[in-house]
Each structure stands twice: as structure tokens, then as C-alpha cells.
Amino acid sequence: MSVLHTLAQWAATRRADWSPTVLARAEHAFADTVACMVAGSADPVTRKTAEGLATWSGGQATLFGGTRRVDAPWAAMVNGTGAHVLEIDDNFYPALTHASAILVPALIALGEELDASGADLLDAYIVGIELHAALGRGVNRSHYFAGWHPTATVGCIGTAGACARLMKLDTGRTVAAMSLAVSMASGNKAQFGTEAKSFQCGMGAANAIIAARLGAAGLTGNPEVLEDPQGFLALYGGPAPRGWDAPLRKLDKPLALEEFGVAPKRHACCGSAHNSLDCILDLRREHGFGAGDVASVCVLVGASNKKNLRYDDPQDEFQARFSLHYNVALALLYGKVTLADFTPEAVWRPEVRELFALTTMQARAFEDEPKDPDQRPPHLVEITLKDGRVLKAQRVYARGLIQDPFDDAERADKITECCAPQLAPQDFQALLAILTNVRGLDSVRTLTALCAGKQEAA
């Protein structure tokens, strides 16, 4: 069998006998992403995307932040942009994707057309995130280092498989959907720190739905497109891709969601900075120093992390989300990194910018890092205080992962921070109740009806 046939057969036939742990993690990720979509719906980037699609209306899928309805691909494009634009959506390390930010908008939009239940959506999400893992393990970390944006490449293909699962397609049509998605998989890291970065996530979500609909209609592609000499691995794999043998052996043994979970974000910035920021906060909590006590901060990150954190002197909020120097300054000054720190005005605060010179970033060589994205070397932080003390910390896993998880109160606080400012109070309370029990939702349309903004709801 081809690689794609193996993945598609698993996606189409795998029993939905998910463990309580997997269901709970899927539900938490789904709820977190809906909150990100609500918060991001008010961002100018999301609104520009919606405006650009203004002539295409009249479908059954909802644009968050309003009551306008469009066809599912365009809802996924806008809502997927909104899910990712504020950089508070989760990471998924086995695939090096923002898996939920592409999966959840696509499944909600398609689910509205199908009148899917919460249980249906979670089932498709679990299948999709395992496909992300298998595909990502085949090409990463090399694919990522080469400059591809895996959320929009790997994520598009895996999300097409999730959409096929939601549509209950058989193996052959799932193969077709995922093969067609390979043709539409695109997105590059040159767009990090720009408006286009989050659009790439929305674009991938839209393309996943289109691929699944076309596959369902009988359109086909090369079933060997992943391993073909002119296919995905050869073209997209970067300098040293792993290949497909090991990822296929690991498929569902165990589920990646069981072994790793996802990485929900504590800080409203690029995930490449999170281990370092958490190290700083750990040291602050232990030693009680403030920004004025610090002489220098030296950080060691991975090769790809340094490429992501490319803006030492950010000029706007988009660049600031990808600036280690900016976010370290926030951690030193305020002990947190919030949504409010990423506005045009906030980026130019003199008390923040004067701390940029404290930070030095170094990176491991790509050749010295493991090829397997499941293996994660630690990020190291060394802080020298003005009194001469040298404080050190390291983290392999950021706060929020299963190794250091959020509690229920922290998850609820994030949902409140994201949603309460955007929704009418009664809608927010009703949405909060749904997000604590997604698997009990009879119809996704009940959820989307609550996601209009205050002005629209009034």
C-alpha cells in the first residue's frame, strides 16, 4: 500500500473508541481554539480577510464575530485566520504544526453544513491530529528548518483527512481528498511576523475542506504522492527528512494526543519563545528579582526557533510576536505576556524597549538537533544579576503541556480573557457552558450561534 493509502485506511476505519484521556485533551484543545477564534475575530487581519471574501456569501457556515454566513471553505479561511492571528493558539510538537488552529475552524465550518454534533467534531479532530503527527514526523524537523510553514502544508493534508472522517468517506475517497490536499499544501516562514502568517493557516483550513469535497465527488490524485520521486517528501522535505517508515510504525501506537497532548499557550507570542519565558518566570518566582536587577539574559534555543524569533528590534505588533528580545523584556518587567502587549502603541513603550539590549540569543546547529520532532532538546536561560549572581534554568516543555499542565481554573481564565470582551454577557456564559462539555453538544450550530460579536448580537 502507498503511504497515503495506509493513513487514509486508518482514518476511514479506525473505531471511535477513544480513551477518556484522549477525549478530555481533545475537548480542552477544541475549547481553547474556539476561544482563540472569538478573540481573533475582532483583529483587523481577520476582518480584512472577511472583507476580501465579501462577495461570496449565502452559505451555511458562520463567520465568528458576526452573523454573516458563507460557504464552509470561506468560513474556515476567515475563522482559521482569526484562530491564529493573535498567536495564542496551541502548538502540536509531533507535527510542528498549530494543529488546532487549522483543524477546528475547518471542522466547525464543515460541521455547520453537515449539522455535526460535538462528538462528531471531537472524533474527526482526534483522527486529524494523528494524521498531522504522522505526516509531520515524516518530513520534520527538516521541512520546518527549510522554511516551510507546516501548519499550512502538513496541516492542510492532515486536516483534509479529518474532514473526510467527518464526512464519513471511505478509504478510497479519503485517499483522494488527502492527495488533492497535497497539491494545495503551501505556506512559508518568510511570512512570519506579517499579516500573511495567520492567513496561511486559514488558507490551509479552506483548502482542506475543498479537497475533501472534491474527493467525495470522485476527483482523484496520485495515491503515491507522498513518496513519489517528484512528490511531497522529495520536494518539501528539506535537507534531511526522516521518511515514512518510522512514522507509519508509530501511527496510533500510541496516539500522539495520548503521548504528547497539545501545547496550549500561556503567552500571547510565538511558541519558540515560551520555554525561555517560562524559565525566566521560574527564576523570578524563586529568587524574587525584578527587571532593574538584571545585567544580562543569555538564551540558547533550537536552530529553527532562532529563525522564527527573527526580530531583535520589532517595529509593530506582528514582529513583536516573533521577537525574543521584546517578550523577555515583558517577562522581566511584568511577569507575564498578554494580548494587551501586542498593539501598535504597546510595542513602542520606552520602558520595554530599553531592556532589549539585555538579551542575547544563541542557537544550536541544525545538524546537532535530533531529526525526530518528538525529541526536544531543552532551551537554556542564564540570567546574570547586577549583584553578580548567575541564575540558570532549562525547560524541555513549556507551561501548559501534559508535563506541566494548566488546571481547570487556568483554562477557564484564558477562555474568559479571549471571549468576554467580544461577546454579549449571556452569549459568553452559554458558550462557556458548551466549551466545558463539547462532547455533549447536539449540534455545532448551537455553538456558532453564540459567537457573534457584541454589536451584531445587540
# chains A, B, ... in the order shown; residues from 1 in each chain; ligands from 1
$ residues_around --residues "Phe406 of chain A" --least-positions-apart "6" --cutoff "12 Å" --atoms "only C-alpha atoms" --output "ChimeraX atom specification"
/A:25,28-29,32,262-266,398-400,412-414
$ write_last_selection --atoms "C-alpha atoms" --output "PDB file, in the first residue's frame"
ATOM      1  CA  ARG A  25      -7.452  16.536  25.795  1.00  0.00           C
ATOM      2  CA  HIS A  28      -9.696  21.108  26.053  1.00  0.00           C
ATOM      3  CA  ALA A  29      -7.929  21.853  22.761  1.00  0.00           C
ATOM      4  CA  ASP A  32      -9.129  26.698  23.717  1.00  0.00           C
ATOM      5  CA  VAL A 262      -1.028  19.642  22.605  1.00  0.00           C
ATOM      6  CA  ALA A 263       0.793  22.746  23.834  1.00  0.00           C
ATOM      7  CA  PRO A 264      -1.762  25.414  24.781  1.00  0.00           C
ATOM      8  CA  LYS A 265      -0.243  28.849  25.083  1.00  0.00           C
ATOM      9  CA  ARG A 266       0.309  30.754  28.287  1.00  0.00           C
ATOM     10  CA  ALA A 398       6.535  24.919  28.328  1.00  0.00           C
ATOM     11  CA  ARG A 399       3.834  25.501  30.882  1.00  0.00           C
ATOM     12  CA  GLY A 400       0.530  24.051  29.621  1.00  0.00           C
ATOM     13  CA  ALA A 412     -11.381  28.959  32.159  1.00  0.00           C
ATOM     14  CA  ASP A 413      -9.425  32.172  32.739  1.00  0.00           C
ATOM     15  CA  LYS A 414      -7.978  32.033  29.218  1.00  0.00           C
TER      16      LYS A 414
END
$ select_by_dssp --residues "segment 13-194 of chain A" --states "strand (DSSP E or B)" --output "number ranges by chain"
A: 61-62, 69-70, 91-92, 97, 148, 188
$ closest_residue --among "A:Leu233, A:Leu23, A:Ala185, A:Leu355" --to "Pro150 of chain A" --atoms "only C-alpha atoms"
A:Ala185
$ closest_residue --among "A:Leu380, A:Ala75, A:Leu255, A:Leu401" --to "Arg14 of chain A" --atoms "only C-alpha atoms"
A:Leu255
$ residues_around --residues "Ser323 of chain A" --least-positions-apart "4" --cutoff "6 Å" --atoms "only C-alpha atoms" --output "CSV table (one decimal) with N, CA and C atoms, in the first residue's frame"
chain,number,residue,atom,x,y,z
A,309,LEU,N,12.3,33.6,15.7
A,309,LEU,CA,12.5,34.8,16.6
A,309,LEU,C,13.4,35.8,15.9
A,311,TYR,N,13.1,39.0,15.0
A,311,TYR,CA,13.0,40.5,15.1
A,311,TYR,C,13.6,40.9,16.4
A,312,ASP,N,14.9,41.4,16.4
A,312,ASP,CA,15.5,41.9,17.6
A,312,ASP,C,15.0,43.3,18.0
$ residues_around --residues "segment 97-106 of chain A" --least-positions-apart "3" --cutoff "8 Å" --atoms "only C-alpha atoms" --output "NGL selection string"
:A and (29-30 or 33-34 or 72-73 or 75-77 or 79-80 or 83-84 or 89-93 or 109-110 or 125 or 128-129 or 132 or 136 or 149-152 or 154-156 or 159 or 162-163 or 201-202 or 204-206 or 208-209)
$ residues_around --residues "Asp372 of chain A" --least-positions-apart "5" --cutoff "9 Å" --atoms "only C-alpha atoms" --output "compact mmCIF listing (two decimals) with N, CA and C atoms, in the first residue's frame"
# COMPACT_ATOMS: atom_id res chain seq x y z
N PRO A 94 4.62 16.96 17.81
CA PRO A 94 4.97 15.86 16.90
C PRO A 94 4.91 16.25 15.42
N ARG A 137 5.99 13.88 11.26
CA ARG A 137 7.15 13.06 11.61
C ARG A 137 7.91 12.60 10.36
N GLY A 138 7.23 12.52 9.24
CA GLY A 138 7.89 12.10 8.02
C GLY A 138 8.82 13.13 7.42
N ASN A 140 9.56 16.48 9.09
CA ASN A 140 10.19 17.40 10.05
C ASN A 140 11.28 16.67 10.83
N ARG A 141 12.19 17.40 11.43
CA ARG A 141 12.31 18.83 11.61
C ARG A 141 12.88 19.51 10.37
N ARG A 242 13.08 12.61 7.45
CA ARG A 242 13.17 11.28 8.07
C ARG A 242 12.62 10.18 7.18
$ residues_around --residues "Arg310 of chain A" --least-positions-apart "5" --cutoff "9 Å" --atoms "only C-alpha atoms" --output "number ranges by chain"
A: 192-193, 305, 319, 322-324
$ select_by_dssp --residues "segment 274-334 of chain A" --states "helix (DSSP H, G or I)" --output "count of residues only"
38
$ residues_around --residues "Leu431 of chain A" --least-positions-apart "5" --cutoff "8 Å" --atoms "only C-alpha atoms" --output "PyMOL selection string"
chain A and resi 447+450-451
$ write_last_selection --atoms "C-alpha atoms" --output "mmCIF file, in the first residue's frame"
data_model
loop_
_atom_site.group_PDB
_atom_site.id
_atom_site.type_symbol
_atom_site.label_atom_id
_atom_site.label_comp_id
_atom_site.auth_asym_id
_atom_site.auth_seq_id
_atom_site.Cartn_x
_atom_site.Cartn_y
_atom_site.Cartn_z
ATOM 1 C CA LEU A 447 -22.165 26.878 19.392
ATOM 2 C CA LEU A 450 -23.277 32.268 20.247
ATOM 3 C CA CYS A 451 -20.117 33.559 18.561
#
$ closest_residue --among "A:Thr448, A:Thr416, A:Gln403, A:Thr220" --to "Phe260 of chain A" --atoms "only C-alpha atoms"
A:Gln403
$ atom_distance --atom1 "atom CA of Arg284 of chain A" --atom2 "atom CA of Tyr397 of chain A"
18.0 Å
$ closest_residue --among "A:Leu251, A:Ile88, A:Ala303, A:Ala42" --to "Glu130 of chain A" --atoms "only C-alpha atoms"
A:Leu251
$ closest_residue --among "A:Gly231, A:Pro405, A:Pro314, A:Gly237" --to "Val352 of chain A" --atoms "only C-alpha atoms"
A:Pro314
